[in-house]
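Worksheet: the structure to be examined is printed underneath.
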Amino acid sequence: MATINNAKLVLTHDHTKKTVRAVVSCNVNFTSLELCQMKTCPGARFFKLKCQLWGEDSGLTGADDFLFTYSDVFFFPDATPAATESRTFSVLLGEGVLDEDWGRDEVYGLLRLTNLNTLIEVKRKTNTVSHSF
């Protein structure tokens, strides 16, 4: 089963322009069987990688707040299938998008890798960034 490793979120806040550059990066690792399938059938789509930003809540409800979905979607195999693929999602947002509560905000990225044959989804959270937006 494919895995997601080294998931990382970096937020760069421009207070003057009131914008935030949100960059999520990760490595996707495929098994030898998955890699063999992707190399044998290069025109097929076996996996889809998407990313979202969420606001972490530690309150009584425990329900995290959905904030944003990146428009980029990565499909595998690509032109040069490898056992480990690095991917980056980057977007410039208005700071209000990440302002999920009254005070300090805790934001993380959520990566979703879907096997398009079995529809099994692997999820991985990034680090949580704490900042006031």
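Simple scheme: letters A, B, ... for chains in structure tokens order, numbers from 1 for residues in each chain, numbers from 1 for ligands in the order shown.
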Expected answer as a VMD selection string: helix (DSSP H, G or I) residues in chain A: chain A and resid 32 to 40 95 to 98
Kindly assemble as a Markdown table a list of the stretch 25-85 of chain A residues that lie within 8 Å of stretch 105-111 of chain A, each paired with its nearest atom pair and their distance in Å to one decimal, using only C-alpha atoms, sorted first by chain and then by ascending residue number.
```
| residue | atom | partner | partner_atom | distance |
| --- | --- | --- | --- | --- |
| A:Leu49 | CA | A:Leu111 | CA | 7.0 |
| A:Lys50 | CA | A:Leu111 | CA | 5.9 |
| A:Cys51 | CA | A:Leu111 | CA | 4.5 |
| A:Gln52 | CA | A:Leu110 | CA | 5.2 |
| A:Leu53 | CA | A:Gly109 | CA | 4.5 |
| A:Trp54 | CA | A:Tyr108 | CA | 5.5 |
| A:Gly55 | CA | A:Val107 | CA | 4.5 |
| A:Glu56 | CA | A:Glu106 | CA | 5.3 |
| A:Asp57 | CA | A:Glu106 | CA | 7.5 |
```
Distance criterion (only C-alpha atoms): nearest to A:Pro81 out of A:Cys26, A:Leu93, A:Ala7, A:Met38: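 Counting only C-alpha atoms, the residue closest to A:Pro81 is A:Met38.
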Residue list (strand (DSSP E), DSSP) for stretch 10-122 of chain A, as a PyMOL selection string: chain A and resi 10-14+19-29+47-55+65-69+74-76+84-94+105-115+121-122
Could you list, as an mmCIF file with N, CA, C and O atoms, in the first residue's frame, every residue within 12 Å of A:Thr80, counting only C-alpha atoms and ignoring same-chain residues fewer than 6 positions away?
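Result saved to out_12.cif:
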```cif
data_model
loop_
_atom_site.group_PDB
_atom_site.id
_atom_site.type_symbol
_atom_site.label_atom_id
_atom_site.label_comp_id
_atom_site.auth_asym_id
_atom_site.auth_seq_id
_atom_site.Cartn_x
_atom_site.Cartn_y
_atom_site.Cartn_z
ATOM 1 N N LEU A 35 4.766 0.189 -8.180
ATOM 2 C CA LEU A 35 5.695 0.791 -9.131
ATOM 3 C C LEU A 35 5.747 -0.022 -10.422
ATOM 4 O O LEU A 35 5.732 0.534 -11.528
ATOM 5 N N MET A 38 2.641 0.703 -12.440
ATOM 6 C CA MET A 38 2.669 2.039 -13.036
ATOM 7 C C MET A 38 3.632 2.100 -14.220
ATOM 8 O O MET A 38 3.355 2.765 -15.217
ATOM 9 N N LYS A 39 4.753 1.377 -14.133
ATOM 10 C CA LYS A 39 5.703 1.368 -15.245
ATOM 11 C C LYS A 39 5.182 0.538 -16.419
ATOM 12 O O LYS A 39 5.449 0.842 -17.572
ATOM 13 N N THR A 40 4.426 -0.498 -16.115
ATOM 14 C CA THR A 40 3.883 -1.375 -17.154
ATOM 15 C C THR A 40 2.728 -0.707 -17.901
ATOM 16 O O THR A 40 2.546 -0.915 -19.097
ATOM 17 N N CYS A 41 1.949 0.102 -17.205
ATOM 18 C CA CYS A 41 0.773 0.768 -17.796
ATOM 19 C C CYS A 41 0.897 2.282 -17.615
ATOM 20 O O CYS A 41 0.152 2.888 -16.832
ATOM 21 N N PRO A 42 1.827 2.922 -18.326
ATOM 22 C CA PRO A 42 2.084 4.347 -18.094
ATOM 23 C C PRO A 42 0.907 5.264 -18.436
ATOM 24 O O PRO A 42 0.809 6.362 -17.922
ATOM 25 N N GLY A 43 -0.026 4.825 -19.271
ATOM 26 C CA GLY A 43 -1.164 5.660 -19.638
ATOM 27 C C GLY A 43 -2.303 5.612 -18.649
ATOM 28 O O GLY A 43 -3.234 6.419 -18.717
#
```
Pick from A:Ala2, A:Leu33, A:Ala79, A:Leu92 nearest to A:Arg21, counting only C-alpha atoms: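 Using only C-alpha atoms, A:Arg21 sits closest to A:Leu92.
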Shell of 7 Å around A:Glu85, only C-alpha atoms, local chain residues under 5 positions omitted, as a PyMOL selection string: chain A and resi 27-29
Proximity to A:Thr19 - best of A:Thr118, A:Gly94, A:Phe133, A:Arg112, only C-alpha atoms: A:Gly94
Between atom CA of A:Leu98 and atom CA of A:His15, distance in Å (one decimal):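 For atom CA of A:Leu98 relative to atom CA of A:His15, the distance reads 13.3 Å.
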Residues near A:Val10, cut-off 10 Å, only C-alpha atoms, skip fewer than 6 positions along chain, as a list of chain:residue names: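 With the cut-off at 10 Å, the set is A:Val20, A:Arg21, A:Ala22, A:Val23, A:Val24, A:Ser25, A:Ser90, A:Val107, A:Tyr108, A:Gly109, A:Thr126, A:Asn127, A:Thr128, A:Val129.
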Once you have the residues from the selection above, write them out as a JSON list (two decimals), in the first residue's frame, restricted to N, CA, C and O atoms.
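Below you can see again35.json, which holds the result:
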```json
[["chain", "number", "residue", "atom", "x", "y", "z"],
["A", 20, "VAL", "N", -1.27, 35.15, 3.04],
["A", 20, "VAL", "CA", -0.48, 34.03, 3.58],
["A", 20, "VAL", "C", -0.12, 33.10, 2.43],
["A", 20, "VAL", "O", -0.99, 32.67, 1.68],
["A", 21, "ARG", "N", 1.17, 32.79, 2.31],
["A", 21, "ARG", "CA", 1.61, 31.76, 1.37],
["A", 21, "ARG", "C", 1.58, 30.44, 2.14],
["A", 21, "ARG", "O", 2.27, 30.29, 3.14],
["A", 22, "ALA", "N", 0.74, 29.50, 1.69],
["A", 22, "ALA", "CA", 0.60, 28.20, 2.36],
["A", 22, "ALA", "C", 1.20, 27.13, 1.46],
["A", 22, "ALA", "O", 0.69, 26.89, 0.36],
["A", 23, "VAL", "N", 2.27, 26.50, 1.94],
["A", 23, "VAL", "CA", 2.98, 25.49, 1.16],
["A", 23, "VAL", "C", 2.97, 24.16, 1.92],
["A", 23, "VAL", "O", 3.44, 24.09, 3.06],
["A", 24, "VAL", "N", 2.42, 23.13, 1.29],
["A", 24, "VAL", "CA", 2.42, 21.78, 1.85],
["A", 24, "VAL", "C", 3.28, 20.92, 0.93],
["A", 24, "VAL", "O", 3.11, 20.92, -0.29],
["A", 25, "SER", "N", 4.20, 20.19, 1.52],
["A", 25, "SER", "CA", 5.05, 19.29, 0.74],
["A", 25, "SER", "C", 5.02, 17.90, 1.37],
["A", 25, "SER", "O", 4.75, 17.75, 2.57],
["A", 90, "SER", "N", 1.08, 24.75, -3.29],
["A", 90, "SER", "CA", 1.37, 26.12, -2.87],
["A", 90, "SER", "C", 0.24, 27.05, -3.33],
["A", 90, "SER", "O", -0.24, 26.93, -4.46],
["A", 107, "VAL", "N", -3.33, 25.61, 12.33],
["A", 107, "VAL", "CA", -3.64, 25.16, 10.97],
["A", 107, "VAL", "C", -2.73, 23.99, 10.60],
["A", 107, "VAL", "O", -1.53, 24.00, 10.90],
["A", 108, "TYR", "N", -3.31, 22.98, 9.95],
["A", 108, "TYR", "CA", -2.52, 21.86, 9.43],
["A", 108, "TYR", "C", -3.00, 21.50, 8.03],
["A", 108, "TYR", "O", -4.11, 21.85, 7.63],
["A", 109, "GLY", "N", -2.14, 20.84, 7.28],
["A", 109, "GLY", "CA", -2.52, 20.32, 5.97],
["A", 109, "GLY", "C", -2.94, 18.87, 6.10],
["A", 109, "GLY", "O", -2.43, 18.13, 6.95],
["A", 126, "THR", "N", -0.06, 17.09, 8.23],
["A", 126, "THR", "CA", 1.22, 17.75, 8.36],
["A", 126, "THR", "C", 1.39, 18.19, 9.82],
["A", 126, "THR", "O", 0.53, 17.93, 10.66],
["A", 127, "ASN", "N", 2.47, 18.88, 10.06],
["A", 127, "ASN", "CA", 2.65, 19.57, 11.34],
["A", 127, "ASN", "C", 1.56, 20.62, 11.48],
["A", 127, "ASN", "O", 0.97, 21.06, 10.49],
["A", 128, "THR", "N", 1.29, 21.02, 12.69],
["A", 128, "THR", "CA", 0.32, 22.09, 12.95],
["A", 128, "THR", "C", 1.08, 23.39, 13.20],
["A", 128, "THR", "O", 2.01, 23.44, 13.99],
["A", 129, "VAL", "N", 0.67, 24.45, 12.49],
["A", 129, "VAL", "CA", 1.28, 25.76, 12.64],
["A", 129, "VAL", "C", 0.35, 26.63, 13.46],
["A", 129, "VAL", "O", -0.84, 26.75, 13.14]]
```
Atom pair atom CA of A:Ile4 / atom CA of A:Pro77: separation (Å): 15.2 Å
Computed interatomic separation between atom CA of A:Phe68 and atom CA of A:Arg45 (Å):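 Between these atoms lies a distance of 25.1 Å.
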